[in-house]
$ cat coords.txt   # compact mmCIF, C-alpha atoms
# COMPACT_ATOMS: atom_id res chain seq x y z
CA MET A 1 102.16 -63.53 -106.21
CA LYS A 2 99.91 -61.33 -104.23
CA LYS A 3 99.72 -61.84 -100.50
CA THR A 4 96.18 -61.60 -98.93
CA LYS A 5 95.56 -60.96 -95.29
CA LYS A 6 93.11 -63.21 -93.53
CA GLY A 7 91.55 -62.49 -90.13
CA ILE A 8 90.35 -59.45 -88.29
CA THR A 9 92.17 -56.39 -87.25
CA LEU A 10 92.86 -55.41 -83.70
CA ILE A 11 90.54 -52.39 -84.01
CA ALA A 12 87.58 -54.55 -85.16
CA LEU A 13 88.18 -56.89 -82.23
CA ALA A 14 88.24 -54.00 -79.74
CA ILE A 15 85.00 -52.52 -81.16
CA THR A 16 83.28 -55.92 -80.92
CA ILE A 17 84.34 -56.35 -77.30
CA ILE A 18 83.13 -52.83 -76.40
CA ILE A 19 79.73 -53.50 -78.02
CA LEU A 20 79.40 -56.79 -76.12
CA ILE A 21 80.26 -55.06 -72.82
CA ILE A 22 77.61 -52.39 -73.46
CA LEU A 23 74.98 -55.02 -74.29
CA ALA A 24 75.87 -57.00 -71.14
CA ALA A 25 75.53 -53.86 -69.00
CA ILE A 26 72.10 -53.12 -70.48
CA ALA A 27 70.95 -56.72 -69.93
CA ILE A 28 72.15 -56.74 -66.31
CA SER A 29 70.41 -53.44 -65.54
CA LEU A 30 67.14 -54.70 -67.09
CA VAL A 31 67.21 -57.86 -65.03
CA SER A 32 68.45 -56.66 -61.66
CA GLY A 33 68.03 -52.90 -61.70
CA GLU A 34 65.75 -50.83 -59.47
CA ASN A 35 62.74 -51.58 -61.67
CA GLY A 36 64.16 -54.79 -63.13
CA LEU A 37 62.60 -58.12 -63.89
CA PHE A 38 63.40 -59.57 -60.46
CA ASP A 39 61.66 -56.71 -58.65
CA LYS A 40 58.68 -56.92 -60.98
CA ALA A 41 58.42 -60.68 -60.44
CA LYS A 42 58.60 -60.23 -56.66
CA THR A 43 55.90 -57.52 -56.73
CA THR A 44 53.68 -59.63 -58.99
CA ASN A 45 54.11 -62.64 -56.71
CA TYR A 46 53.05 -60.56 -53.68
CA ASN A 47 50.04 -59.08 -55.50
CA ASN A 48 48.91 -62.52 -56.65
CA ALA A 49 49.27 -63.95 -53.14
CA LEU A 50 47.23 -61.07 -51.69
CA SER A 51 44.50 -61.51 -54.32
CA GLU A 52 44.37 -65.23 -53.58
CA LEU A 53 44.01 -64.45 -49.87
CA TYR A 54 40.99 -62.24 -50.51
CA ASP A 55 39.38 -64.67 -52.96
CA ARG A 56 39.88 -67.69 -50.73
CA SER A 57 38.68 -65.78 -47.67
CA TYR A 58 35.57 -64.50 -49.42
CA THR A 59 34.76 -68.03 -50.61
CA GLU A 60 35.43 -69.51 -47.18
CA ILE A 61 33.24 -66.90 -45.47
CA SER A 62 30.40 -67.74 -47.85
CA TYR A 63 30.90 -71.44 -47.12
CA LEU A 64 30.94 -70.87 -43.36
CA ILE A 65 27.79 -68.73 -43.40
CA ILE A 66 25.59 -71.23 -45.29
CA PRO A 67 24.71 -73.34 -42.20
CA ASP A 68 23.84 -70.16 -40.30
CA ARG A 69 21.55 -69.06 -43.14
CA VAL A 70 19.82 -72.43 -43.32
CA ASN A 71 19.29 -72.48 -39.54
CA LYS A 72 18.38 -68.76 -39.48
CA ARG A 73 21.18 -67.86 -37.09
CA ASN A 74 23.65 -65.04 -37.03
CA ASP A 75 26.63 -66.68 -35.29
CA PHE A 76 29.51 -66.01 -37.70
CA LYS A 77 32.66 -64.37 -36.31
CA ILE A 78 35.79 -63.50 -38.25
CA GLU A 79 37.72 -65.85 -35.94
CA ASP A 80 35.72 -68.70 -37.52
CA LEU A 81 37.48 -67.85 -40.78
CA TYR A 82 40.92 -67.93 -39.15
CA GLU A 83 40.19 -71.36 -37.66
CA SER A 84 38.66 -72.89 -40.81
CA LYS A 85 40.50 -75.52 -42.81
CA GLY A 86 40.18 -73.47 -45.99
CA PHE A 87 42.15 -70.68 -44.34
CA THR A 88 44.64 -72.65 -42.23
CA THR A 89 45.68 -74.81 -45.18
CA TYR A 90 47.19 -71.83 -46.97
CA TYR A 91 47.70 -69.12 -44.35
CA GLU A 92 48.79 -68.60 -40.77
CA ILE A 93 48.80 -65.63 -38.43
CA ARG A 94 52.18 -64.60 -36.99
CA ASP A 95 52.58 -61.57 -34.75
CA GLY A 96 49.41 -59.91 -36.03
CA TYR A 97 50.20 -60.50 -39.72
CA ILE A 98 48.78 -63.00 -42.19
CA TRP A 99 51.45 -65.14 -43.85
CA ASP A 100 51.21 -67.25 -46.99
CA LYS A 101 52.49 -70.72 -46.06
CA ASN A 102 53.39 -71.78 -49.61
CA ARG A 103 55.31 -68.66 -50.56
CA ASN A 104 56.49 -67.94 -47.00
CA ILE A 105 55.78 -64.22 -47.33
CA GLU A 106 54.07 -61.74 -45.06
CA LEU A 107 50.92 -60.55 -46.79
CA ILE A 108 48.98 -58.07 -44.70
CA LYS A 109 48.29 -56.97 -41.16
CA LYS A 110 45.36 -58.88 -39.65
CA GLU A 111 43.42 -55.71 -38.72
CA GLU A 112 43.90 -54.22 -42.18
CA PHE A 113 42.71 -57.48 -43.75
CA GLU A 114 39.52 -57.46 -41.66
CA ASN A 115 38.84 -53.84 -42.60
CA LYS A 116 39.34 -54.57 -46.30
CA ILE A 117 36.99 -57.55 -46.13
CA ARG A 118 34.31 -55.33 -44.56
CA GLU A 119 35.04 -52.64 -47.14
CA ARG A 120 34.59 -55.16 -49.95
CA PHE A 121 31.14 -56.09 -48.63
CA LYS A 122 30.20 -52.40 -48.49
CA GLN A 123 31.31 -51.86 -52.09
CA GLU A 124 29.13 -54.73 -53.24
CA GLY A 125 26.05 -52.97 -51.91
CA LYS A 126 25.89 -54.61 -48.54
CA GLU A 127 25.67 -51.34 -46.65
CA SER A 128 26.08 -52.89 -43.24
CA ALA A 129 29.30 -54.61 -44.34
CA LYS A 130 27.67 -57.98 -43.91
CA PRO A 131 28.36 -60.79 -46.36
CA LEU A 132 25.21 -61.97 -48.09
CA VAL A 133 24.63 -65.62 -48.74
CA ASN A 134 21.69 -66.91 -50.66
CA ALA A 135 21.29 -70.43 -49.32
CA ILE A 136 19.37 -72.72 -51.66
CA THR A 137 17.25 -75.20 -49.77
CA ASN A 138 14.17 -77.29 -50.45
CA GLU A 139 12.11 -74.51 -48.88
CA ASP A 140 12.74 -72.17 -51.83
CA THR A 141 9.60 -72.59 -53.89
CA LYS A 142 8.93 -69.25 -55.58
CA ILE A 143 9.58 -69.74 -59.29
CA SER A 144 8.67 -67.23 -61.96
CA GLY A 145 9.22 -66.57 -65.64
CA SER A 146 8.68 -63.64 -67.97
CA ARG A 147 5.86 -63.99 -70.52
CA ARG A 148 6.09 -60.41 -71.69
CA ASN A 149 9.47 -61.03 -73.33
CA ARG A 150 8.57 -64.62 -74.16
CA CYS A 151 11.58 -65.61 -72.15
CA ARG A 152 11.93 -69.33 -71.58
CA ASN A 153 14.24 -68.88 -68.65
CA ILE A 154 12.90 -69.73 -65.25
CA CYS A 155 14.36 -67.79 -62.39
CA LYS A 156 14.52 -69.10 -58.87
CA TYR A 157 14.27 -66.49 -56.14
CA THR A 158 15.13 -66.71 -52.50
CA GLU A 159 15.06 -64.14 -49.77
CA VAL A 160 18.39 -62.53 -49.13
CA HIS A 161 19.38 -62.14 -45.50
CA SER A 162 22.63 -60.85 -44.20
CA ILE A 163 25.05 -62.18 -41.64
CA GLU A 164 27.22 -59.72 -39.77
CA LEU A 165 30.99 -60.02 -39.51
CA LEU A 166 31.73 -59.66 -35.82

$ encode --input "coords.txt" --output "structure tokens"
Amino acid sequence: MKKTKKGITLIALAITIIILIILAAIAISLVSGENGLFDKAKTTNYNNALSELYDRSYTEISYLIIPDRVNKRNDFKIEDLYESKGFTTYYEIRDGYIWDKNRNIELIKKEEFENKIRERFKQEGKESAKPLVNAITNEDTKISGSRRNRCRNICKYTEVHSIELL
């Protein structure tokens, strides 16, 4: 009768354990290393929060300027944005910095934020760094279409006036 050995050798077991340790070390460094998943997630979270701040602020400024445009006034101040419900619902100002209330993170210095908002208006062709709002009212009556191209679209035009960020 021939005797057969069943099981694994001690060397095979040691090699398997070494391979598992190497794989665990690689996985840990990918997750928590200097450029790991946690750092990337934190950076992405900050960038998303900052983008939301700019988008919400730009929308809120446009909303706040509409009554001024309709009444042909130029009364908007950046402090109006900071006091608006659209801003205070999501953000607060602490020690000269804008904080995201939901994420509880410091986003940007208030002065830097104001400069970037003005810069954004300049980049969009508003040379004086004034946000432009095209208020649609019942007074807008100029309607035109293009016959040359046999275009069936009707375009509604309004005068564009600017409101200055003070």

$ atom_distance --input "coords.txt" --atom1 "atom CA of A:Asp100" --atom2 "atom CA of A:Asp68"
28.3 Å

$ atom_distance --input "coords.txt" --atom1 "atom CA of A:Ala14" --atom2 "atom CA of A:Leu30"
24.6 Å

$ atom_distance --input "coords.txt" --atom1 "atom CA of A:Glu112" --atom2 "atom CA of A:Glu34"
28.1 Å

$ residues_around --input "coords.txt" --residues "stretch 56-63 of chain A" --least-positions-apart "4" --cutoff "7 Å" --atoms "only C-alpha atoms" --output "ChimeraX atom specification"
/A:52,81,86-87,133

$ axis_aligned_box --input "coords.txt" --around "stretch 81-100 of chain A" --padding-each-side "4 Å" --output "lines of an AutoDock Vina configuration file"
center_x = 45.0
center_y = -67.7
center_z = -40.9
size_x = 23.1
size_y = 23.6
size_z = 20.2

$ closest_residue --input "coords.txt" --among "A:Leu20, A:Asp55, A:Thr4, A:Ala12" --to "A:Arg120" --atoms "all atoms listed in the file"
A:Asp55
